[in-house]
file data_7.cif (mmCIF, C-alpha atoms)
data_query
loop_
_atom_site.label_atom_id
_atom_site.label_comp_id
_atom_site.auth_asym_id
_atom_site.auth_seq_id
_atom_site.Cartn_x
_atom_site.Cartn_y
_atom_site.Cartn_z
CA MET A 7 -2.19 -32.49 4.21
CA GLU A 8 1.08 -34.06 3.01
CA LEU A 9 4.08 -31.88 2.14
CA ARG A 10 7.67 -32.62 1.10
CA LYS A 11 10.95 -30.76 0.97
CA SER A 12 10.78 -28.15 -1.78
CA GLY A 13 13.07 -26.83 -4.44
CA PRO A 14 13.51 -23.05 -4.77
CA LEU A 15 10.33 -20.99 -4.46
CA LYS A 16 9.94 -18.42 -7.22
CA GLY A 17 7.26 -15.92 -8.15
CA GLU A 18 4.82 -13.40 -6.80
CA LEU A 19 1.43 -13.61 -5.19
CA THR A 20 -1.26 -11.53 -3.52
CA VAL A 21 -2.50 -12.79 -0.18
CA PRO A 22 -6.14 -12.44 0.94
CA GLY A 23 -7.36 -9.28 2.60
CA ASP A 24 -6.42 -8.45 6.16
CA LYS A 25 -8.60 -10.41 8.59
CA SER A 26 -8.78 -7.69 11.25
CA ILE A 27 -9.73 -4.99 8.75
CA SER A 28 -12.25 -7.25 6.98
CA HIS A 29 -14.07 -7.95 10.27
CA ARG A 30 -14.20 -4.28 11.17
CA SER A 31 -15.35 -3.12 7.72
CA VAL A 32 -18.54 -5.19 8.04
CA MET A 33 -19.14 -4.37 11.72
CA PHE A 34 -18.68 -0.64 11.35
CA GLY A 35 -20.56 -0.58 8.05
CA ALA A 36 -23.51 -2.30 9.75
CA ILE A 37 -23.83 0.41 12.42
CA ALA A 38 -23.13 3.27 10.01
CA ASP A 39 -25.70 5.20 8.00
CA GLY A 40 -25.80 4.26 4.31
CA LEU A 41 -23.78 1.94 2.07
CA THR A 42 -20.33 0.57 2.86
CA GLU A 43 -18.49 -1.03 -0.06
CA VAL A 44 -15.59 -3.36 0.74
CA THR A 45 -13.12 -4.75 -1.80
CA ASN A 46 -10.49 -7.47 -1.21
CA PHE A 47 -12.54 -8.75 1.73
CA LEU A 48 -11.18 -11.94 3.31
CA GLN A 49 -13.56 -14.80 2.48
CA GLY A 50 -12.35 -16.90 5.40
CA ALA A 51 -14.58 -18.68 7.90
CA ASP A 52 -13.97 -16.15 10.67
CA CYS A 53 -14.99 -13.14 8.60
CA LEU A 54 -17.97 -15.01 7.19
CA SER A 55 -19.07 -15.57 10.80
CA THR A 56 -19.14 -11.80 11.24
CA ILE A 57 -21.33 -11.43 8.14
CA SER A 58 -23.64 -14.18 9.40
CA CYS A 59 -24.06 -12.53 12.81
CA PHE A 60 -24.94 -9.14 11.35
CA ARG A 61 -27.38 -10.66 8.90
CA ARG A 62 -29.13 -12.23 11.90
CA LEU A 63 -29.19 -8.74 13.41
CA GLY A 64 -31.18 -7.45 10.44
CA ILE A 65 -28.43 -6.02 8.24
CA ASP A 66 -28.61 -6.48 4.47
CA ILE A 67 -25.15 -7.69 3.39
CA GLU A 68 -24.46 -8.65 -0.22
CA ASN A 69 -21.42 -10.87 -0.68
CA THR A 70 -20.12 -11.09 -4.24
CA PRO A 71 -16.70 -12.19 -5.55
CA GLU A 72 -15.86 -8.57 -6.37
CA LYS A 73 -17.07 -6.74 -3.26
CA ILE A 74 -19.08 -6.77 -0.08
CA LEU A 75 -22.00 -4.34 0.14
CA VAL A 76 -23.19 -3.54 3.66
CA ARG A 77 -26.37 -1.50 3.88
CA GLY A 78 -25.97 0.05 7.29
CA ARG A 79 -28.87 1.09 9.49
CA GLY A 80 -27.08 3.37 11.91
CA LEU A 81 -26.00 2.93 15.52
CA HIS A 82 -29.51 1.98 16.66
CA GLY A 83 -30.68 0.09 13.57
CA LEU A 84 -29.90 -3.47 14.60
CA SER A 85 -32.85 -5.74 15.36
CA ALA A 86 -33.22 -8.60 17.82
CA PRO A 87 -32.06 -11.93 16.37
CA SER A 88 -34.49 -14.84 16.26
CA ASP A 89 -31.88 -17.26 17.54
CA VAL A 90 -28.48 -17.46 19.24
CA LEU A 91 -25.69 -15.58 17.43
CA ASP A 92 -22.89 -17.97 16.43
CA ALA A 93 -19.39 -16.46 16.03
CA GLY A 94 -17.87 -19.77 14.96
CA ASN A 95 -14.14 -19.85 15.72
CA SER A 96 -13.75 -16.07 15.69
CA GLY A 97 -12.51 -14.32 18.81
CA THR A 98 -12.63 -11.00 16.99
CA THR A 99 -16.31 -11.46 16.18
CA THR A 100 -17.13 -12.53 19.73
CA ARG A 101 -15.31 -9.75 21.57
CA LEU A 102 -16.00 -6.80 19.25
CA LEU A 103 -19.63 -7.73 18.69
CA SER A 104 -20.10 -7.89 22.47
CA GLY A 105 -19.20 -4.20 22.66
CA ILE A 106 -21.81 -3.34 20.03
CA LEU A 107 -24.49 -5.58 21.54
CA ALA A 108 -23.96 -3.99 24.96
CA GLY A 109 -25.45 -0.79 23.54
CA GLN A 110 -28.60 -2.33 22.04
CA ASP A 111 -32.09 -2.29 23.56
CA PHE A 112 -32.74 -6.03 23.07
CA PRO A 113 -31.32 -9.16 24.71
CA CYS A 114 -29.42 -11.87 22.87
CA VAL A 115 -27.00 -14.75 23.38
CA LEU A 116 -23.63 -14.86 21.64
CA THR A 117 -21.68 -18.10 21.37
CA GLY A 118 -19.14 -19.88 19.19
CA ASP A 119 -17.51 -23.24 18.59
CA ALA A 120 -15.82 -25.44 21.21
CA SER A 121 -12.60 -23.42 20.98
CA ILE A 122 -14.36 -20.07 21.50
CA GLN A 123 -16.21 -21.51 24.49
CA LYS A 124 -12.84 -22.03 26.21
CA ARG A 125 -11.32 -18.63 25.45
CA PRO A 126 -11.30 -15.95 28.18
CA MET A 127 -14.09 -13.37 27.98
CA LYS A 128 -13.71 -11.82 31.44
CA ARG A 129 -11.24 -9.43 29.85
CA ILE A 130 -14.16 -7.77 28.01
CA MET A 131 -16.93 -8.56 30.49
CA GLU A 132 -15.25 -6.62 33.31
CA PRO A 133 -14.76 -3.27 31.51
CA LEU A 134 -18.12 -3.53 29.75
CA SER A 135 -19.80 -4.16 33.12
CA LEU A 136 -18.03 -1.08 34.51
CA MET A 137 -19.69 0.85 31.67
CA GLY A 138 -23.12 -0.40 32.78
CA ALA A 139 -23.42 -3.28 30.33
CA ASN A 140 -25.67 -6.20 31.18
CA ILE A 141 -23.37 -9.07 30.23
CA ARG A 142 -22.75 -12.45 31.82
CA SER A 143 -21.26 -15.82 31.06
CA VAL A 144 -24.16 -18.28 30.72
CA ARG A 145 -22.19 -21.10 32.34
CA GLY A 146 -20.54 -18.80 34.89
CA ASP A 147 -17.02 -19.76 33.76
CA GLY A 148 -16.01 -16.44 32.21
CA CYS A 149 -16.36 -17.84 28.69
CA ALA A 150 -19.00 -17.92 25.93
CA PRO A 151 -21.92 -18.34 25.59
CA LEU A 152 -22.50 -14.73 26.66
CA ALA A 153 -25.95 -13.40 27.54
CA ILE A 154 -26.11 -9.69 26.73
CA GLY A 155 -29.14 -7.59 27.68
CA LYS A 156 -30.13 -3.94 27.57
CA GLY A 157 -27.89 -1.69 29.64
CA ASP A 158 -27.47 2.04 30.15
CA LEU A 159 -23.89 2.72 29.16
CA HIS A 160 -21.63 5.46 30.44
CA GLY A 161 -18.06 6.27 29.53
CA ILE A 162 -15.10 5.11 31.59
CA SER A 163 -11.36 5.63 31.79
CA TYR A 164 -9.91 2.15 31.66
CA SER A 165 -6.36 0.81 31.69
CA THR A 166 -6.20 -2.64 30.13
CA PRO A 167 -4.05 -5.18 31.99
CA VAL A 168 -2.84 -6.63 28.66
CA ALA A 169 -2.29 -5.06 25.26
CA SER A 170 -5.26 -6.43 23.32
CA ALA A 171 -6.85 -4.86 20.28
CA GLN A 172 -9.97 -6.94 20.87
CA VAL A 173 -10.43 -5.66 24.42
CA LYS A 174 -9.71 -2.08 23.41
CA SER A 175 -12.10 -2.32 20.47
CA ALA A 176 -14.95 -3.81 22.54
CA ILE A 177 -14.71 -0.89 24.97
CA LEU A 178 -14.53 1.75 22.23
CA LEU A 179 -17.49 0.24 20.38
CA ALA A 180 -19.56 0.23 23.56
CA GLY A 181 -18.39 3.81 24.01
CA LEU A 182 -20.28 4.78 20.85
CA TYR A 183 -23.48 4.10 22.86
CA ALA A 184 -22.37 5.72 26.13
CA ASP A 185 -23.59 9.00 27.62
CA SER A 186 -20.06 10.35 28.22
CA PRO A 187 -16.55 9.98 26.76
CA THR A 188 -14.53 6.78 26.99
CA ARG A 189 -10.77 6.55 27.41
CA VAL A 190 -8.75 3.33 26.98
CA THR A 191 -5.05 3.12 27.86
CA GLU A 192 -2.92 0.06 27.10
CA PRO A 193 0.42 -1.01 28.60
CA VAL A 194 1.76 -1.31 25.03
CA LEU A 195 -0.02 -0.09 21.90
CA SER A 196 -1.86 -2.99 20.23
CA ARG A 197 -2.99 -2.98 16.60
CA ASN A 198 -4.91 0.23 15.91
CA HIS A 199 -7.22 -0.73 13.04
CA THR A 200 -10.29 0.14 15.09
CA GLU A 201 -9.09 3.67 15.83
CA LEU A 202 -8.11 4.33 12.20
CA MET A 203 -11.32 2.93 10.74
CA LEU A 204 -13.73 4.46 13.27
CA ARG A 205 -12.22 7.87 12.52
CA GLY A 206 -12.68 7.16 8.81
CA PHE A 207 -16.36 6.41 9.44
CA GLY A 208 -16.76 9.74 11.27
CA ALA A 209 -16.36 8.87 14.97
CA ASP A 210 -14.96 11.57 17.25
CA LEU A 211 -11.92 9.58 18.29
CA THR A 212 -8.41 10.74 19.03
CA SER A 213 -5.29 8.75 19.85
CA GLU A 214 -2.17 9.78 21.73
CA ASP A 215 0.63 7.37 22.51
CA LYS A 216 -1.08 4.34 24.14
CA THR A 217 -4.44 6.03 24.84
CA ALA A 218 -7.57 6.22 22.66
CA PHE A 219 -10.26 8.78 23.58
CA LEU A 220 -13.77 8.60 22.12
CA ARG A 221 -16.57 11.15 22.45
CA PRO A 222 -19.99 9.64 21.65
CA GLY A 223 -22.67 11.38 19.59
CA SER A 224 -21.16 11.48 16.11
CA PRO A 225 -23.01 9.29 13.60
CA LEU A 226 -21.00 6.88 11.50
CA VAL A 227 -21.29 7.21 7.72
CA GLY A 228 -20.79 4.39 5.19
CA GLN A 229 -17.43 4.26 3.41
CA LYS A 230 -15.55 2.65 0.53
CA ILE A 231 -12.84 0.38 1.94
CA GLU A 232 -10.07 -1.39 0.06
CA VAL A 233 -8.65 -4.02 2.40
CA PRO A 234 -4.86 -4.46 2.11
CA GLY A 235 -3.36 -7.95 2.15
CA ASP A 236 -3.03 -9.56 5.57
CA ILE A 237 0.54 -9.47 6.89
CA SER A 238 -0.27 -12.48 9.07
CA SER A 239 -1.02 -14.45 5.90
CA ALA A 240 1.99 -12.98 4.08
CA ALA A 241 4.24 -14.09 6.95
CA TYR A 242 4.21 -17.74 5.84
CA PHE A 243 5.42 -16.91 2.35
CA LEU A 244 8.06 -14.53 3.69
CA ALA A 245 9.33 -17.28 5.98
CA ALA A 246 9.27 -19.87 3.20
CA GLY A 247 11.16 -17.55 0.87
CA LEU A 248 13.81 -16.97 3.52
CA LEU A 249 14.22 -20.63 4.48
CA VAL A 250 14.09 -22.61 1.21
CA PRO A 251 17.47 -22.29 -0.55
CA GLY A 252 17.48 -20.42 -3.85
CA SER A 253 14.09 -18.78 -3.28
CA GLN A 254 12.89 -15.34 -4.35
CA VAL A 255 9.32 -14.41 -3.42
CA LEU A 256 7.36 -11.18 -3.88
CA VAL A 257 4.16 -10.70 -1.85
CA LYS A 258 2.15 -7.78 -3.22
CA ASN A 259 -0.07 -5.20 -1.50
CA VAL A 260 0.51 -6.18 2.12
CA GLY A 261 -0.65 -4.04 5.03
CA VAL A 262 2.40 -2.86 6.99
CA ASN A 263 0.71 -0.95 9.81
CA PRO A 264 3.46 -0.51 12.45
CA THR A 265 1.18 -2.00 15.12
CA ARG A 266 1.02 -5.23 13.07
CA SER A 267 4.34 -5.51 11.23
CA GLY A 268 6.67 -6.66 14.00
CA ILE A 269 7.64 -9.69 11.93
CA LEU A 270 9.46 -7.37 9.51
CA SER A 271 11.62 -6.15 12.40
CA VAL A 272 12.33 -9.74 13.41
CA ILE A 273 13.31 -10.74 9.86
CA ARG A 274 15.80 -7.87 9.79
CA ALA A 275 17.08 -8.73 13.27
CA MET A 276 17.69 -12.32 12.10
CA GLY A 277 19.63 -11.10 9.07
CA GLY A 278 16.94 -11.94 6.53
CA ARG A 279 16.97 -10.42 3.06
CA LEU A 280 13.85 -8.25 2.92
CA GLU A 281 12.88 -5.25 0.80
CA LEU A 282 9.77 -3.04 0.99
CA LEU A 283 8.74 -1.82 -2.47
CA ASP A 284 6.08 0.67 -3.61
CA GLU A 285 5.15 1.86 -0.11
CA ARG A 286 1.76 3.61 -0.12
CA LEU A 287 -1.52 4.14 1.75
CA CYS A 288 -4.46 1.76 1.19
CA ALA A 289 -7.71 3.08 2.72
CA GLY A 290 -5.71 4.94 5.36
CA GLU A 291 -3.55 1.90 6.14
CA PRO A 292 0.15 1.75 5.10
CA ALA A 293 0.84 -0.98 2.51
CA ALA A 294 3.80 -2.20 0.48
CA ASP A 295 5.07 -5.02 -1.73
CA LEU A 296 7.41 -7.32 0.23
CA PHE A 297 10.35 -9.07 -1.47
CA VAL A 298 12.42 -11.75 0.24
CA SER A 299 15.26 -14.01 -0.90
CA SER A 300 16.80 -16.95 0.88
CA GLY A 301 19.93 -16.74 2.99
CA SER A 302 21.31 -17.66 6.37
CA LEU A 303 19.46 -16.47 9.48
CA HIS A 304 20.71 -16.08 13.02
CA GLY A 305 19.02 -16.12 16.41
CA THR A 306 17.61 -13.08 18.16
CA VAL A 307 15.61 -12.02 21.21
CA ILE A 308 11.92 -11.18 20.76
CA GLU A 309 10.28 -9.46 23.72
CA GLY A 310 8.59 -6.44 25.24
CA ASP A 311 6.80 -3.83 23.16
CA LEU A 312 7.39 -5.82 19.96
CA ILE A 313 5.18 -8.75 21.04
CA PRO A 314 1.72 -7.21 20.35
CA ALA A 315 2.86 -6.31 16.83
CA LEU A 316 3.59 -9.95 15.94
CA ILE A 317 1.62 -12.11 18.36
CA ASP A 318 -0.09 -14.11 15.57
CA GLU A 319 3.19 -14.63 13.71
CA LEU A 320 5.14 -16.14 16.62
CA PRO A 321 4.57 -19.78 15.57
CA VAL A 322 6.08 -19.20 12.13
CA ILE A 323 8.82 -17.04 13.66
CA ALA A 324 9.63 -20.03 15.89
CA VAL A 325 9.91 -22.16 12.74
CA MET A 326 12.35 -19.64 11.26
CA ALA A 327 14.33 -19.70 14.50
CA ALA A 328 14.63 -23.51 14.36
CA PHE A 329 16.44 -23.21 11.02
CA ALA A 330 18.55 -20.21 12.08
CA GLU A 331 22.03 -20.43 13.57
CA GLY A 332 22.23 -19.75 17.29
CA THR A 333 19.59 -19.27 19.94
CA THR A 334 16.31 -17.35 19.70
CA VAL A 335 14.46 -16.36 22.87
CA ILE A 336 10.76 -15.43 22.80
CA ARG A 337 9.43 -13.92 26.02
CA ASP A 338 6.54 -11.72 27.25
CA ALA A 339 4.20 -13.77 25.03
CA ALA A 340 1.95 -15.53 27.57
CA GLU A 341 -0.99 -14.37 25.43
CA LEU A 342 -0.11 -17.25 23.10
CA LYS A 343 -1.68 -19.62 25.62
CA VAL A 344 -5.22 -18.31 25.00
CA LYS A 345 -5.33 -18.31 21.21
CA GLU A 346 -7.12 -20.95 19.09
CA SER A 347 -4.74 -23.38 20.79
CA ASP A 348 -2.09 -22.94 23.47
CA ARG A 349 0.42 -21.85 20.86
CA ILE A 350 3.40 -22.25 23.17
CA GLU A 351 2.50 -25.88 23.74
CA THR A 352 1.46 -26.65 20.16
CA THR A 353 4.44 -24.90 18.54
CA VAL A 354 6.90 -26.65 20.84
CA ALA A 355 5.25 -30.03 20.21
CA GLY A 356 5.49 -29.62 16.44
CA LEU A 357 9.09 -28.40 16.46
CA ARG A 358 10.20 -31.25 18.73
CA ALA A 359 8.47 -33.78 16.49
CA MET A 360 10.61 -32.46 13.60
CA GLY A 361 13.84 -32.69 15.62
CA ALA A 362 14.27 -29.11 16.85
CA ASP A 363 15.86 -28.25 20.21
CA VAL A 364 13.21 -26.08 21.87
CA THR A 365 12.28 -25.42 25.49
CA PRO A 366 8.90 -23.93 26.51
CA THR A 367 8.79 -21.20 29.14
CA PRO A 368 5.79 -19.71 30.96
CA ASP A 369 5.70 -16.77 28.55
CA GLY A 370 7.40 -18.04 25.40
CA MET A 371 10.13 -20.44 24.34
CA ILE A 372 13.87 -20.87 23.78
CA ILE A 373 14.84 -22.25 20.38
CA ARG A 374 18.39 -23.48 19.79
CA GLY A 375 18.57 -23.36 16.02
CA GLY A 376 20.74 -24.94 13.39
CA ARG A 377 19.81 -28.61 13.83
CA PRO A 378 18.52 -30.32 10.66
CA LEU A 379 14.76 -30.85 10.78
CA HIS A 380 12.98 -33.88 9.40
CA GLY A 381 9.44 -34.61 8.34
CA ALA A 382 6.93 -35.74 10.95
CA SER A 383 3.25 -36.14 11.66
CA ILE A 384 2.10 -32.80 13.05
CA SER A 385 -1.20 -32.14 14.81
CA SER A 386 -2.68 -28.80 13.81
CA PHE A 387 -4.83 -28.82 16.96
CA ASP A 388 -7.44 -27.29 14.62
CA ASP A 389 -5.38 -24.08 14.73
CA HIS A 390 -4.93 -22.46 11.33
CA ARG A 391 -1.70 -20.70 12.26
CA ILE A 392 -0.11 -23.89 13.54
CA ALA A 393 -1.05 -25.71 10.32
CA MET A 394 0.40 -22.98 8.08
CA SER A 395 3.56 -22.59 10.17
CA PHE A 396 4.40 -26.28 9.91
CA ALA A 397 3.56 -26.32 6.21
CA VAL A 398 6.44 -23.83 5.89
CA ALA A 399 8.69 -25.99 8.07
CA ALA A 400 7.90 -28.99 5.85
CA LEU A 401 9.25 -27.23 2.76
CA ALA A 402 12.70 -26.84 4.35
CA ALA A 403 12.85 -30.16 6.25
CA GLU A 404 14.06 -33.52 4.98
CA GLY A 405 11.42 -36.08 4.04
CA THR A 406 7.65 -35.88 4.23
CA THR A 407 5.48 -34.03 6.73
CA VAL A 408 1.83 -34.81 7.35
CA ILE A 409 -0.31 -32.09 8.92
CA GLU A 410 -3.38 -33.55 10.56
CA ASN A 411 -6.59 -31.61 9.85
CA GLY A 412 -4.63 -29.27 7.64
CA ASP A 413 -7.85 -27.88 6.18
CA CYS A 414 -8.33 -25.73 9.29
CA VAL A 415 -6.45 -23.05 7.30
CA ARG A 416 -9.87 -22.12 5.86
CA ILE A 417 -10.37 -20.05 9.03
CA SER A 418 -8.13 -17.32 7.62
CA TYR A 419 -6.71 -18.47 4.27
CA PRO A 420 -8.85 -20.91 2.22
CA GLY A 421 -6.42 -20.99 -0.73
CA PHE A 422 -3.21 -21.28 1.28
CA TYR A 423 -1.95 -24.63 -0.01
CA GLU A 424 -2.74 -23.74 -3.62
CA ASP A 425 -0.81 -20.47 -3.35
CA LEU A 426 2.12 -22.27 -1.73
CA ALA A 427 2.18 -24.90 -4.49
CA ALA A 428 2.12 -22.20 -7.18
CA LEU A 429 5.54 -20.96 -6.03
CA GLN A 430 7.17 -24.40 -6.29
#

call {"tool": "encode", "arguments": {"input": "data_7.cif", "output": "structure tokens"}}
result
Amino acid sequence: MELRKSGPLKGELTVPGDKSISHRSVMFGAIADGLTEVTNFLQGADCLSTISCFRRLGIDIENTPEKILVRGRGLHGLSAPSDVLDAGNSGTTTRLLSGILAGQDFPCVLTGDASIQKRPMKRIMEPLSLMGANIRSVRGDGCAPLAIGKGDLHGISYSTPVASAQVKSAILLAGLYADSPTRVTEPVLSRNHTELMLRGFGADLTSEDKTAFLRPGSPLVGQKIEVPGDISSAAYFLAAGLLVPGSQVLVKNVGVNPTRSGILSVIRAMGGRLELLDERLCAGEPAADLFVSSGSLHGTVIEGDLIPALIDELPVIAVMAAFAEGTTVIRDAAELKVKESDRIETTVAGLRAMGADVTPTPDGMIIRGGRPLHGASISSFDDHRIAMSFAVAALAAEGTTVIENGDCVRISYPGFYEDLAALQ
């Protein structure tokens, strides 16, 4: 994908549905009783992997341009797949589905692509095993493929070593099949879409501070779900609107759940011009229209409790920091190393190729902003968020930037480049 420095970006757009909520709407609908109807579902490769897996588990899922219809069969209605379940590139599918499969009375194998087969799964295997799950890494390396057999599950009280919505969700989903309550406590509250949606489906789940408590036994009931726009997808247009001189961009109907919207705090901390308009609730999730206009940014420190609320946005935040005046420090973000790529390494490599002054650290990076950036050849490392982040950088840099394997954006945002071009 070849991109050049852009003139002012003008206009409005609606980004695809939230990836996390789209995944969960299909998963929870599949194990609920009755029909779940989902609108604004994200038609990205990751979410389509979730649909594919549940179809193989015997669930009737109708995918139309207008809506997704999931005909749920209840907590115990899944059937044994005839072949290995393939989660593609989706960590959410792999980890959350493992929690559901741990409660089934049939064995199966769950795998994914080469990237998934390198990502750490011990973080779910250990708590699920404590619950009585029969789960193991086929190759014995703590990664997928995972062999999951019938287990007798019981509730646990578990403190997660890292704040991870995927780990928390896997435990809570297994807890639906346990014979006693399950309690999960995190060091910092991660995104809480699972807790909000499970309650909406009828689960007996309460949350207090950093702890979620689930009592099994309540059936889930199909729902109507309108998925708000994905703030992780909106982030690229917010950054572009802030960085390209003369720009004014409105991104409509974006989910602004506080456990996900840390980038809004960072934009404000960097002095960015940002307004939230028409704030409202969308299927129990807070949403708003986001308006940005270009202006000078300055460095900031990003750390601590804020990190889980913006972990996926850190590459594009690093791009913003490279154009900002002064120094930006990102720390407490070692989780970046185990994403689709090592996003500390890949972000630093891309920024340096474009002329930025950036130093990697074990848990983040230090970006000394204000140097002019120039076009370069950037490897996406097959990581959709790296590709989109450097597409934004290209619009504000001198010359031409080539993003190798730029089509990996289909993982979360198939129409990304078209939407970006429409603002130019």

call {"tool": "resolve_selection", "arguments": {"input": "data_7.cif", "expression": "the PyMOL selection byres ((chain A and resi 30) around 10)", "output": "PyMOL selection string"}}
result
chain A and resi 25-29+31-36+53+56+98-99+102-103+175+199-200+203-204

call {"tool": "resolve_selection", "arguments": {"input": "data_7.cif", "expression": "the PyMOL selection byres ((chain A and resi 311) around 9)", "output": "list in words"}}
result
Pro193, Val194, Leu195, Glu309, Gly310, Leu312, Ile313, Pro314, Ala315 and Asp338 of chain A

call {"tool": "write_last_selection", "arguments": {"input": "data_7.cif", "atoms": "C-alpha atoms", "output": "PDB file, in the coordinates of the input"}}
result
ATOM      1  CA  PRO A 193       0.420  -1.010  28.600  1.00  0.00           C
ATOM      2  CA  VAL A 194       1.760  -1.310  25.030  1.00  0.00           C
ATOM      3  CA  LEU A 195      -0.020  -0.090  21.900  1.00  0.00           C
ATOM      4  CA  GLU A 309      10.280  -9.460  23.720  1.00  0.00           C
ATOM      5  CA  GLY A 310       8.590  -6.440  25.240  1.00  0.00           C
ATOM      6  CA  LEU A 312       7.390  -5.820  19.960  1.00  0.00           C
ATOM      7  CA  ILE A 313       5.180  -8.750  21.040  1.00  0.00           C
ATOM      8  CA  PRO A 314       1.720  -7.210  20.350  1.00  0.00           C
ATOM      9  CA  ALA A 315       2.860  -6.310  16.830  1.00  0.00           C
ATOM     10  CA  ASP A 338       6.540 -11.720  27.250  1.00  0.00           C
TER      11      ASP A 338
END

call {"tool": "residues_near_point", "arguments": {"input": "data_7.cif", "point": "(-8.6, -19.6, 27.8)", "cutoff": "12 Å", "atoms": "only C-alpha atoms", "output": "PDB file with C-alpha atoms, in the coordinates of the input"}}
result
ATOM      1  CA  GLY A  97     -12.510 -14.320  18.810  1.00  0.00           C
ATOM      2  CA  ALA A 120     -15.820 -25.440  21.210  1.00  0.00           C
ATOM      3  CA  SER A 121     -12.600 -23.420  20.980  1.00  0.00           C
ATOM      4  CA  ILE A 122     -14.360 -20.070  21.500  1.00  0.00           C
ATOM      5  CA  GLN A 123     -16.210 -21.510  24.490  1.00  0.00           C
ATOM      6  CA  LYS A 124     -12.840 -22.030  26.210  1.00  0.00           C
ATOM      7  CA  ARG A 125     -11.320 -18.630  25.450  1.00  0.00           C
ATOM      8  CA  PRO A 126     -11.300 -15.950  28.180  1.00  0.00           C
ATOM      9  CA  MET A 127     -14.090 -13.370  27.980  1.00  0.00           C
ATOM     10  CA  LYS A 128     -13.710 -11.820  31.440  1.00  0.00           C
ATOM     11  CA  ARG A 129     -11.240  -9.430  29.850  1.00  0.00           C
ATOM     12  CA  ASP A 147     -17.020 -19.760  33.760  1.00  0.00           C
ATOM     13  CA  GLY A 148     -16.010 -16.440  32.210  1.00  0.00           C
ATOM     14  CA  CYS A 149     -16.360 -17.840  28.690  1.00  0.00           C
ATOM     15  CA  ALA A 150     -19.000 -17.920  25.930  1.00  0.00           C
ATOM     16  CA  ALA A 340       1.950 -15.530  27.570  1.00  0.00           C
ATOM     17  CA  GLU A 341      -0.990 -14.370  25.430  1.00  0.00           C
ATOM     18  CA  LEU A 342      -0.110 -17.250  23.100  1.00  0.00           C
ATOM     19  CA  LYS A 343      -1.680 -19.620  25.620  1.00  0.00           C
ATOM     20  CA  VAL A 344      -5.220 -18.310  25.000  1.00  0.00           C
ATOM     21  CA  LYS A 345      -5.330 -18.310  21.210  1.00  0.00           C
ATOM     22  CA  GLU A 346      -7.120 -20.950  19.090  1.00  0.00           C
ATOM     23  CA  SER A 347      -4.740 -23.380  20.790  1.00  0.00           C
ATOM     24  CA  ASP A 348      -2.090 -22.940  23.470  1.00  0.00           C
ATOM     25  CA  ARG A 349       0.420 -21.850  20.860  1.00  0.00           C
TER      26      ARG A 349
END

call {"tool": "residues_near_point", "arguments": {"input": "data_7.cif", "point": "(-12.4, 1.9, 24.6)", "cutoff": "12 Å", "atoms": "only C-alpha atoms", "output": "VMD selection string"}}
result
chain A and resid 102 105 to 106 130 133 to 134 136 to 137 160 to 166 170 to 184 186 to 192 198 200 to 201 204 211 to 213 216 to 222

call {"tool": "closest_residue", "arguments": {"input": "data_7.cif", "among": "A:Tyr419, A:Phe396, A:Phe112, A:Phe329", "to": "Gly375 of chain A", "atoms": "only C-alpha atoms"}}
result
A:Phe329

call {"tool": "residues_around", "arguments": {"input": "data_7.cif", "residues": "His380 of chain A", "least_positions_apart": "4", "cutoff": "12 Å", "atoms": "all atoms listed in the file", "output": "list in words"}}
result
Leu9, Arg10, Lys11, Ala328, Phe329, Gly356, Leu357, Arg358, Ala359, Met360, Gly361, Ala362, Ile384, Phe396, Ala399, Ala400, Leu401, Ala402, Ala403, Glu404, Gly405, Thr406, Thr407 and Val408 of chain A

call {"tool": "atom_distance", "arguments": {"input": "data_7.cif", "atom1": "atom CA of Val227 of chain A", "atom2": "atom CA of Thr100 of chain A"}}
result
23.5 Å

call {"tool": "resolve_selection", "arguments": {"input": "data_7.cif", "expression": "the PyMOL selection byres ((chain A and resi 256-266) around 9)", "output": "PyMOL selection string"}}
result
chain A and resi 16-21+23-24+195-199+233-238+240+243-244+247+254-255+267-270+283-285+287-288+291-299+312+314-317

call {"tool": "atom_distance", "arguments": {"input": "data_7.cif", "atom1": "atom CA of Asp215 of chain A", "atom2": "atom CA of Val307 of chain A"}}
result
24.5 Å

call {"tool": "atom_distance", "arguments": {"input": "data_7.cif", "atom1": "atom CA of Ile417 of chain A", "atom2": "atom CA of Ile273 of chain A"}}
result
25.5 Å

call {"tool": "residues_around", "arguments": {"input": "data_7.cif", "residues": "Gly78 of chain A", "least_positions_apart": "4", "cutoff": "7 Å", "atoms": "all atoms listed in the file", "output": "PyMOL selection string"}}
result
chain A and resi 35-41+65

call {"tool": "closest_residue", "arguments": {"input": "data_7.cif", "among": "A:Arg61, A:Lys156, A:Arg205, A:Lys73", "to": "Lys230 of chain A", "atoms": "only C-alpha atoms"}}
result
A:Lys73

call {"tool": "closest_residue", "arguments": {"input": "data_7.cif", "among": "A:Ser239, A:Pro366, A:Asp89, A:Glu43", "to": "Ile67 of chain A", "atoms": "all atoms listed in the file"}}
result
A:Glu43

call {"tool": "closest_residue", "arguments": {"input": "data_7.cif", "among": "A:Ser55, A:Gln430, A:Thr352, A:Gln49", "to": "Val250 of chain A", "atoms": "all atoms listed in the file"}}
result
A:Gln430

call {"tool": "closest_residue", "arguments": {"input": "data_7.cif", "among": "A:Met7, A:Leu63, A:Met131, A:Val115", "to": "Asp413 of chain A", "atoms": "only C-alpha atoms"}}
result
A:Met7

call {"tool": "closest_residue", "arguments": {"input": "data_7.cif", "among": "A:Ser300, A:Ser271, A:Ser143, A:Thr42", "to": "Ile74 of chain A", "atoms": "only C-alpha atoms"}}
result
A:Thr42
